[in-house]
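Peer 1: This is target-v2.txt, which holds compact mmCIF, N, CA and C atoms:
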# COMPACT_ATOMS: atom_id res chain seq x y z
N MET P 87 -23.76 6.88 -34.67
CA MET P 87 -23.82 6.04 -33.48
C MET P 87 -22.48 5.34 -33.23
N ASN P 88 -21.88 4.81 -34.30
CA ASN P 88 -20.59 4.14 -34.15
C ASN P 88 -19.51 5.10 -33.66
N LYS P 89 -19.55 6.34 -34.14
CA LYS P 89 -18.56 7.33 -33.71
C LYS P 89 -18.69 7.62 -32.22
N ILE P 90 -19.92 7.64 -31.74
CA ILE P 90 -20.16 7.87 -30.31
C ILE P 90 -19.60 6.71 -29.50
N LEU P 91 -19.85 5.49 -29.94
CA LEU P 91 -19.34 4.31 -29.24
C LEU P 91 -17.82 4.29 -29.25
N ILE P 92 -17.23 4.61 -30.39
CA ILE P 92 -15.77 4.64 -30.48
C ILE P 92 -15.20 5.71 -29.56
N ALA P 93 -15.80 6.88 -29.56
CA ALA P 93 -15.34 7.97 -28.70
C ALA P 93 -15.48 7.59 -27.23
N PHE P 94 -16.60 6.98 -26.87
CA PHE P 94 -16.81 6.56 -25.49
C PHE P 94 -15.79 5.49 -25.11
N GLY P 95 -15.56 4.54 -26.00
CA GLY P 95 -14.58 3.48 -25.74
C GLY P 95 -13.18 4.05 -25.55
N ALA P 96 -12.80 5.01 -26.38
CA ALA P 96 -11.48 5.64 -26.26
C ALA P 96 -11.36 6.39 -24.94
N LEU P 97 -12.40 7.10 -24.57
CA LEU P 97 -12.40 7.84 -23.31
C LEU P 97 -12.31 6.87 -22.12
N PHE P 98 -13.08 5.80 -22.18
CA PHE P 98 -13.08 4.78 -21.13
C PHE P 98 -11.69 4.18 -20.98
N PHE P 99 -11.09 3.76 -22.09
CA PHE P 99 -9.76 3.16 -22.08
C PHE P 99 -8.73 4.15 -21.55
N SER P 100 -8.81 5.39 -22.00
CA SER P 100 -7.89 6.43 -21.58
C SER P 100 -7.96 6.66 -20.08
N PHE P 101 -9.16 6.72 -19.54
CA PHE P 101 -9.35 6.94 -18.10
C PHE P 101 -8.74 5.80 -17.30
N PHE P 102 -9.04 4.56 -17.68
CA PHE P 102 -8.56 3.43 -16.90
C PHE P 102 -7.08 3.18 -17.11
N SER P 103 -6.52 3.53 -18.25
CA SER P 103 -5.08 3.43 -18.45
C SER P 103 -4.37 4.40 -17.52
N THR P 104 -4.85 5.62 -17.43
CA THR P 104 -4.27 6.62 -16.54
C THR P 104 -4.41 6.18 -15.10
N PHE P 105 -5.58 5.66 -14.74
CA PHE P 105 -5.80 5.18 -13.38
C PHE P 105 -4.84 4.05 -13.06
N SER P 106 -4.63 3.12 -13.98
CA SER P 106 -3.73 2.01 -13.76
C SER P 106 -2.30 2.48 -13.53
N ILE P 107 -1.86 3.45 -14.31
CA ILE P 107 -0.51 3.96 -14.16
C ILE P 107 -0.35 4.64 -12.80
N ALA P 108 -1.32 5.44 -12.41
CA ALA P 108 -1.28 6.11 -11.10
C ALA P 108 -1.33 5.08 -9.98
N ASP P 109 -2.17 4.07 -10.13
CA ASP P 109 -2.31 3.02 -9.15
C ASP P 109 -1.00 2.25 -9.00
N GLU P 110 -0.38 1.92 -10.13
CA GLU P 110 0.89 1.20 -10.12
C GLU P 110 1.98 2.02 -9.44
N ALA P 111 2.00 3.32 -9.69
CA ALA P 111 2.99 4.20 -9.06
C ALA P 111 2.78 4.24 -7.54
N GLN P 112 1.52 4.26 -7.11
CA GLN P 112 1.23 4.26 -5.67
C GLN P 112 1.69 2.95 -5.03
N LEU P 113 1.47 1.83 -5.72
CA LEU P 113 1.91 0.53 -5.18
C LEU P 113 3.43 0.48 -5.07
N GLU P 114 4.12 0.97 -6.09
CA GLU P 114 5.59 0.99 -6.05
C GLU P 114 6.09 1.88 -4.91
N ARG P 115 5.45 3.02 -4.73
CA ARG P 115 5.82 3.92 -3.63
C ARG P 115 5.58 3.24 -2.28
N GLY P 116 4.45 2.55 -2.17
CA GLY P 116 4.14 1.83 -0.94
C GLY P 116 5.17 0.77 -0.62
N LYS P 117 5.60 0.05 -1.65
CA LYS P 117 6.61 -1.00 -1.46
C LYS P 117 7.93 -0.37 -1.02
N GLU P 118 8.32 0.71 -1.69
CA GLU P 118 9.56 1.40 -1.35
C GLU P 118 9.54 1.87 0.11
N LEU P 119 8.44 2.47 0.51
CA LEU P 119 8.30 2.93 1.90
C LEU P 119 8.33 1.76 2.87
N PHE P 120 7.63 0.68 2.53
CA PHE P 120 7.58 -0.49 3.40
C PHE P 120 8.98 -1.04 3.64
N ILE P 121 9.76 -1.12 2.57
CA ILE P 121 11.09 -1.73 2.65
C ILE P 121 12.10 -0.85 3.37
N SER P 122 12.13 0.44 3.04
CA SER P 122 13.26 1.21 3.56
C SER P 122 13.01 2.64 3.98
N SER P 123 11.93 3.25 3.55
CA SER P 123 11.82 4.69 3.74
C SER P 123 10.86 5.16 4.82
N ALA P 124 10.03 4.30 5.32
CA ALA P 124 9.03 4.74 6.31
C ALA P 124 9.72 5.24 7.57
N GLN P 125 9.16 6.29 8.16
CA GLN P 125 9.68 6.84 9.41
C GLN P 125 8.57 6.82 10.45
N PRO P 126 8.79 6.44 11.68
CA PRO P 126 10.06 6.42 12.37
C PRO P 126 10.91 5.18 12.11
N ILE P 127 10.37 4.12 11.52
CA ILE P 127 11.15 2.91 11.25
C ILE P 127 10.51 2.19 10.07
N ALA P 128 11.34 1.60 9.22
CA ALA P 128 10.81 0.89 8.05
C ALA P 128 10.04 -0.35 8.49
N CYS P 129 8.92 -0.59 7.86
CA CYS P 129 8.03 -1.71 8.21
C CYS P 129 8.75 -3.06 8.11
N ALA P 130 9.62 -3.20 7.08
CA ALA P 130 10.28 -4.47 6.80
C ALA P 130 11.21 -4.92 7.92
N ILE P 131 11.62 -4.01 8.76
CA ILE P 131 12.50 -4.38 9.87
C ILE P 131 11.76 -5.29 10.86
N CYS P 132 10.46 -5.06 11.03
CA CYS P 132 9.70 -5.81 12.03
C CYS P 132 8.75 -6.85 11.44
N HIS P 133 8.27 -6.63 10.23
CA HIS P 133 7.23 -7.49 9.65
C HIS P 133 7.75 -8.41 8.56
N THR P 134 7.13 -9.58 8.45
CA THR P 134 7.36 -10.47 7.32
C THR P 134 6.34 -10.16 6.25
N LEU P 135 6.83 -10.02 5.02
CA LEU P 135 5.97 -9.81 3.86
C LEU P 135 6.74 -10.34 2.65
N ASN P 136 6.29 -11.47 2.11
CA ASN P 136 7.02 -12.13 1.04
C ASN P 136 7.28 -11.23 -0.16
N ASP P 137 6.29 -10.48 -0.61
CA ASP P 137 6.46 -9.65 -1.79
C ASP P 137 7.60 -8.63 -1.63
N ALA P 138 7.81 -8.18 -0.42
CA ALA P 138 8.87 -7.21 -0.14
C ALA P 138 10.17 -7.89 0.28
N GLU P 139 10.18 -9.22 0.28
CA GLU P 139 11.33 -10.00 0.73
C GLU P 139 11.74 -9.59 2.14
N ALA P 140 10.74 -9.32 2.96
CA ALA P 140 10.96 -8.90 4.35
C ALA P 140 10.71 -10.08 5.27
N ALA P 141 11.61 -10.27 6.22
CA ALA P 141 11.49 -11.40 7.13
C ALA P 141 11.62 -10.98 8.59
N GLY P 142 11.02 -9.86 8.93
CA GLY P 142 11.06 -9.39 10.32
C GLY P 142 10.30 -10.35 11.23
N THR P 143 10.70 -10.41 12.47
CA THR P 143 10.06 -11.33 13.42
C THR P 143 9.50 -10.62 14.65
N ILE P 144 9.61 -9.31 14.72
CA ILE P 144 9.11 -8.58 15.88
C ILE P 144 7.60 -8.39 15.78
N GLY P 145 7.13 -7.96 14.62
CA GLY P 145 5.70 -7.75 14.39
C GLY P 145 5.08 -8.96 13.71
N PRO P 146 3.77 -8.92 13.50
CA PRO P 146 3.10 -10.06 12.88
C PRO P 146 3.51 -10.27 11.42
N ASN P 147 3.40 -11.52 10.99
CA ASN P 147 3.61 -11.89 9.60
C ASN P 147 2.39 -11.41 8.82
N LEU P 148 2.58 -10.43 7.97
CA LEU P 148 1.45 -9.83 7.26
C LEU P 148 0.87 -10.75 6.19
N ASP P 149 1.68 -11.68 5.67
CA ASP P 149 1.16 -12.67 4.71
C ASP P 149 0.12 -13.57 5.38
N GLU P 150 0.36 -13.89 6.64
CA GLU P 150 -0.59 -14.74 7.38
C GLU P 150 -1.75 -13.93 7.93
N LEU P 151 -1.48 -12.74 8.43
CA LEU P 151 -2.51 -11.91 9.04
C LEU P 151 -3.53 -11.40 8.02
N LYS P 152 -3.05 -11.04 6.83
CA LYS P 152 -3.91 -10.50 5.76
C LYS P 152 -4.81 -9.36 6.27
N PRO P 153 -4.18 -8.32 6.81
CA PRO P 153 -4.98 -7.22 7.39
C PRO P 153 -5.71 -6.42 6.32
N ASP P 154 -6.90 -5.96 6.66
CA ASP P 154 -7.62 -5.09 5.72
C ASP P 154 -7.11 -3.66 5.89
N ALA P 155 -7.50 -2.79 4.98
CA ALA P 155 -7.00 -1.41 4.97
C ALA P 155 -7.29 -0.68 6.27
N GLU P 156 -8.47 -0.85 6.80
CA GLU P 156 -8.83 -0.12 8.02
C GLU P 156 -7.99 -0.57 9.21
N ARG P 157 -7.69 -1.86 9.30
CA ARG P 157 -6.86 -2.36 10.40
C ARG P 157 -5.44 -1.78 10.30
N ILE P 158 -4.90 -1.76 9.10
CA ILE P 158 -3.56 -1.20 8.92
C ILE P 158 -3.57 0.29 9.26
N ARG P 159 -4.55 1.00 8.74
CA ARG P 159 -4.65 2.46 8.98
C ARG P 159 -4.72 2.75 10.48
N ARG P 160 -5.59 2.05 11.18
CA ARG P 160 -5.77 2.28 12.62
C ARG P 160 -4.46 1.99 13.37
N THR P 161 -3.81 0.88 13.03
CA THR P 161 -2.58 0.52 13.71
C THR P 161 -1.47 1.52 13.42
N MET P 162 -1.40 1.99 12.17
CA MET P 162 -0.38 2.98 11.84
C MET P 162 -0.63 4.30 12.57
N LEU P 163 -1.87 4.68 12.73
CA LEU P 163 -2.19 5.95 13.40
C LEU P 163 -2.01 5.87 14.91
N GLU P 164 -2.37 4.73 15.50
CA GLU P 164 -2.36 4.61 16.96
C GLU P 164 -1.15 3.88 17.51
N GLY P 165 -0.48 3.09 16.67
CA GLY P 165 0.57 2.21 17.17
C GLY P 165 -0.06 1.01 17.86
N MET P 166 0.74 -0.01 18.13
CA MET P 166 0.23 -1.19 18.82
C MET P 166 1.42 -1.99 19.35
N GLY P 167 1.39 -2.30 20.64
CA GLY P 167 2.49 -3.06 21.22
C GLY P 167 3.80 -2.32 21.01
N ALA P 168 4.78 -3.01 20.43
CA ALA P 168 6.10 -2.41 20.17
C ALA P 168 6.09 -1.49 18.96
N MET P 169 5.02 -1.51 18.17
CA MET P 169 4.97 -0.69 16.96
C MET P 169 4.62 0.76 17.31
N PRO P 170 5.48 1.69 16.87
CA PRO P 170 5.18 3.10 17.13
C PRO P 170 4.06 3.61 16.23
N SER P 171 3.52 4.73 16.59
CA SER P 171 2.53 5.41 15.75
C SER P 171 3.23 6.03 14.54
N PHE P 172 2.56 5.98 13.41
CA PHE P 172 3.03 6.65 12.20
C PHE P 172 2.10 7.82 11.88
N GLU P 173 1.52 8.39 12.91
CA GLU P 173 0.57 9.49 12.76
C GLU P 173 1.21 10.70 12.07
N GLU P 174 2.49 10.93 12.30
CA GLU P 174 3.18 12.08 11.72
C GLU P 174 3.55 11.86 10.26
N MET P 175 3.45 10.63 9.78
CA MET P 175 3.79 10.33 8.39
C MET P 175 2.81 11.03 7.45
N ASP P 176 3.32 11.47 6.31
CA ASP P 176 2.48 12.07 5.28
C ASP P 176 1.34 11.10 4.93
N GLU P 177 0.13 11.62 4.87
CA GLU P 177 -1.05 10.78 4.63
C GLU P 177 -0.95 10.02 3.31
N ASP P 178 -0.44 10.64 2.26
CA ASP P 178 -0.30 9.95 0.97
C ASP P 178 0.66 8.78 1.08
N ASP P 179 1.75 8.96 1.83
CA ASP P 179 2.70 7.87 2.03
C ASP P 179 2.06 6.74 2.84
N ARG P 180 1.33 7.11 3.88
CA ARG P 180 0.65 6.11 4.69
C ARG P 180 -0.33 5.31 3.84
N GLU P 181 -1.10 6.01 3.00
CA GLU P 181 -2.08 5.33 2.15
C GLU P 181 -1.40 4.46 1.10
N ALA P 182 -0.22 4.87 0.63
CA ALA P 182 0.52 4.04 -0.33
C ALA P 182 0.95 2.73 0.32
N ILE P 183 1.41 2.78 1.56
CA ILE P 183 1.78 1.55 2.27
C ILE P 183 0.56 0.67 2.47
N ILE P 184 -0.54 1.26 2.89
CA ILE P 184 -1.78 0.51 3.11
C ILE P 184 -2.22 -0.18 1.83
N LYS P 185 -2.23 0.55 0.73
CA LYS P 185 -2.66 -0.03 -0.55
C LYS P 185 -1.72 -1.15 -0.97
N TYR P 186 -0.42 -0.93 -0.80
CA TYR P 186 0.56 -1.95 -1.15
C TYR P 186 0.35 -3.23 -0.33
N VAL P 187 0.30 -3.10 0.98
CA VAL P 187 0.17 -4.29 1.83
C VAL P 187 -1.13 -5.04 1.54
N THR P 188 -2.23 -4.32 1.42
CA THR P 188 -3.49 -5.02 1.14
C THR P 188 -3.48 -5.67 -0.24
N SER P 189 -2.81 -5.05 -1.20
CA SER P 189 -2.80 -5.63 -2.55
C SER P 189 -1.99 -6.91 -2.63
N VAL P 190 -0.97 -7.05 -1.82
CA VAL P 190 -0.13 -8.26 -1.89
C VAL P 190 -0.51 -9.32 -0.87
N THR P 191 -1.44 -9.02 0.02
CA THR P 191 -1.83 -10.01 1.03
C THR P 191 -3.25 -10.54 0.89
N GLN P 192 -4.08 -9.92 0.09
CA GLN P 192 -5.48 -10.35 -0.01
C GLN P 192 -5.67 -11.48 -1.01
Would you mind writing the file out in structure tokens?
Peer 2:
Amino acid sequence: MNKILIAFGALFFSFFSTFSIADEAQLERGKELFISSAQPIACAICHTLNDAEAAGTIGPNLDELKPDAERIRRTMLEGMGAMPSFEEMDEDDREAIIKYVTSVTQ
């Protein structure tokens, strides 16, 4: 019985350690894209986000807005006001930005 519990515990820890590393990599990628790599324009140029040391004044302050994932996704796909659509962006990159912004603003 103890061997089963130990094996289950090791498997559980292994799974969540791997998940954490993958999750952390996605957050880092999201931050990188937010700051400088997103196309057609980097998010940090227009938006304020303290974690990214971004102080844009064209778009909303994301620290104050605290948008949920669906709001960010919809706005990135459709654009809004002066913000262009990011529909052509790779979906994994878009999701990395969404995960990053929601993780630092919630």
Peer 1: Using Å and a single decimal, report how far atom N of Ser106 in chain P sits from CA of Ala130 in chain P.
Peer 2: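 These two atoms are separated by 26.7 Å.
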Peer 1: For Ile183 in chain P, which residue among P:Ile127, P:Ala108, P:Ala138, P:Leu113 is the nearest when counting all atoms listed in the file?
Peer 2: P:Leu113
Peer 1: Pick out each residue of range 88-188 of chain P that DSSP on the backbone tags as strand (DSSP E or B); I need them as a list in words.
Peer 2: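 Filtering range 88-188 of chain P down to strand (DSSP E or B) leaves Thr134, Leu135, Ala140, Ala141, Asn147, Met166 and Met169 of chain P.
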Peer 1: Nearest to Leu151 in chain P among P:Ser171, P:Ile107, P:Leu135, P:Met166, with distances taken over only C-alpha atoms: which residue is it?
Peer 2: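 Selected residue with least distance to Leu151 in chain P: P:Leu135.
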Peer 1: Among chain P, which residues carry a DSSP assignment of helix (DSSP H, G or I), reported as a PyMOL selection string?
Peer 2: chain P and resi 88-123+129-131+136-138+148-151+155-164+177-191
Peer 1: At what distance in Å, to one decimal, does atom N of Met169 in chain P lie from atom N of Ile131 in chain P?
Peer 2: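 The value is 11.8 Å.
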Peer 1: Given the point (7.9, -5.4, 8.8) in the file's coordinates, find the residues that have an atom at most 8 Å from it, counting all atoms listed in the file, and give them as a short mmCIF file (atom, residue, chain, number, x, y, z; two decimals) with N, CA and C atoms, in the frame of the given file.
Peer 2:
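Written file, selection20.cif:
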data_model
loop_
_atom_site.label_atom_id
_atom_site.label_comp_id
_atom_site.auth_asym_id
_atom_site.auth_seq_id
_atom_site.Cartn_x
_atom_site.Cartn_y
_atom_site.Cartn_z
N PHE P 120 7.63 0.68 2.53
CA PHE P 120 7.58 -0.49 3.40
C PHE P 120 8.98 -1.04 3.64
N ILE P 121 9.76 -1.12 2.57
CA ILE P 121 11.09 -1.73 2.65
C ILE P 121 12.10 -0.85 3.37
N ALA P 128 11.34 1.60 9.22
CA ALA P 128 10.81 0.89 8.05
C ALA P 128 10.04 -0.35 8.49
N CYS P 129 8.92 -0.59 7.86
CA CYS P 129 8.03 -1.71 8.21
C CYS P 129 8.75 -3.06 8.11
N ALA P 130 9.62 -3.20 7.08
CA ALA P 130 10.28 -4.47 6.80
C ALA P 130 11.21 -4.92 7.92
N ILE P 131 11.62 -4.01 8.76
CA ILE P 131 12.50 -4.38 9.87
C ILE P 131 11.76 -5.29 10.86
N CYS P 132 10.46 -5.06 11.03
CA CYS P 132 9.70 -5.81 12.03
C CYS P 132 8.75 -6.85 11.44
N HIS P 133 8.27 -6.63 10.23
CA HIS P 133 7.23 -7.49 9.65
C HIS P 133 7.75 -8.41 8.56
N THR P 134 7.13 -9.58 8.45
CA THR P 134 7.36 -10.47 7.32
C THR P 134 6.34 -10.16 6.25
N LEU P 135 6.83 -10.02 5.02
CA LEU P 135 5.97 -9.81 3.86
C LEU P 135 6.74 -10.34 2.65
N ALA P 140 10.74 -9.32 2.96
CA ALA P 140 10.96 -8.90 4.35
C ALA P 140 10.71 -10.08 5.27
N ALA P 141 11.61 -10.27 6.22
CA ALA P 141 11.49 -11.40 7.13
C ALA P 141 11.62 -10.98 8.59
N GLY P 142 11.02 -9.86 8.93
CA GLY P 142 11.06 -9.39 10.32
C GLY P 142 10.30 -10.35 11.23
N THR P 143 10.70 -10.41 12.47
CA THR P 143 10.06 -11.33 13.42
C THR P 143 9.50 -10.62 14.65
N ILE P 144 9.61 -9.31 14.72
CA ILE P 144 9.11 -8.58 15.88
C ILE P 144 7.60 -8.39 15.78
N GLY P 145 7.13 -7.96 14.62
CA GLY P 145 5.70 -7.75 14.39
C GLY P 145 5.08 -8.96 13.71
N PRO P 146 3.77 -8.92 13.50
CA PRO P 146 3.10 -10.06 12.88
C PRO P 146 3.51 -10.27 11.42
N ASN P 147 3.40 -11.52 10.99
CA ASN P 147 3.61 -11.89 9.60
C ASN P 147 2.39 -11.41 8.82
N LEU P 148 2.58 -10.43 7.97
CA LEU P 148 1.45 -9.83 7.26
C LEU P 148 0.87 -10.75 6.19
#
Peer 1: Measuring between all atoms listed in the file, which one of P:Glu181, P:Gln125, P:Asp109, P:Leu119 shows the shortest distance to Arg159 in chain P?
Peer 2: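 Checking each of P:Glu181, P:Gln125, P:Asp109, P:Leu119 against Arg159 in chain P, counting all atoms listed in the file, the winner is P:Glu181.
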Peer 1: State, in Å with one decimal place, the distance from CA of Ala168 in chain P to CA of Val190 in chain P.
Peer 2: 23.7 Å
Peer 1: Please determine, counting all atoms listed in the file, which residue among P:Ala182, P:Ile158, P:Ala111, P:Met175 has the shortest atom-to-atom distance to Pro126 in chain P.
Peer 2: P:Met175
Peer 1: Show me the residues close to (-6.0, 6.4, 12.3) - anything with an atom within 8 Å, counting only C-alpha atoms - and format the list as a list in words.
Peer 2: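 Final list of nearby residues, as requested, is Arg159, Arg160, Thr161, Met162, Leu163, Glu164 and Glu173 of chain P.
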Peer 1: Between P:Glu110, P:Gly165, P:Gly116, P:Asn136, which is the closest to Ile184 in chain P once you count only C-alpha atoms?
Peer 2: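 Among the listed residues, P:Gly116 lies closest to Ile184 in chain P.
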Peer 1: Taking into account only C-alpha atoms, which residue in the set P:Glu139, P:Asp154, P:Ser123, P:Pro170 is nearest to Val187 in chain P?
Peer 2: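 That would be P:Asp154, the residue with the smallest distance to Val187 in chain P.
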Peer 1: Range 187-192 of chain P, all listed atoms, 5 Å padding on each side: what axis-aligned box centre and edge lengths in Å to one decimal come out, as JSON?
Peer 2:
{"center_x": -2.7, "center_y": -7.3, "center_z": -0.4, "size_x": 16.0, "size_y": 18.4, "size_z": 14.5}
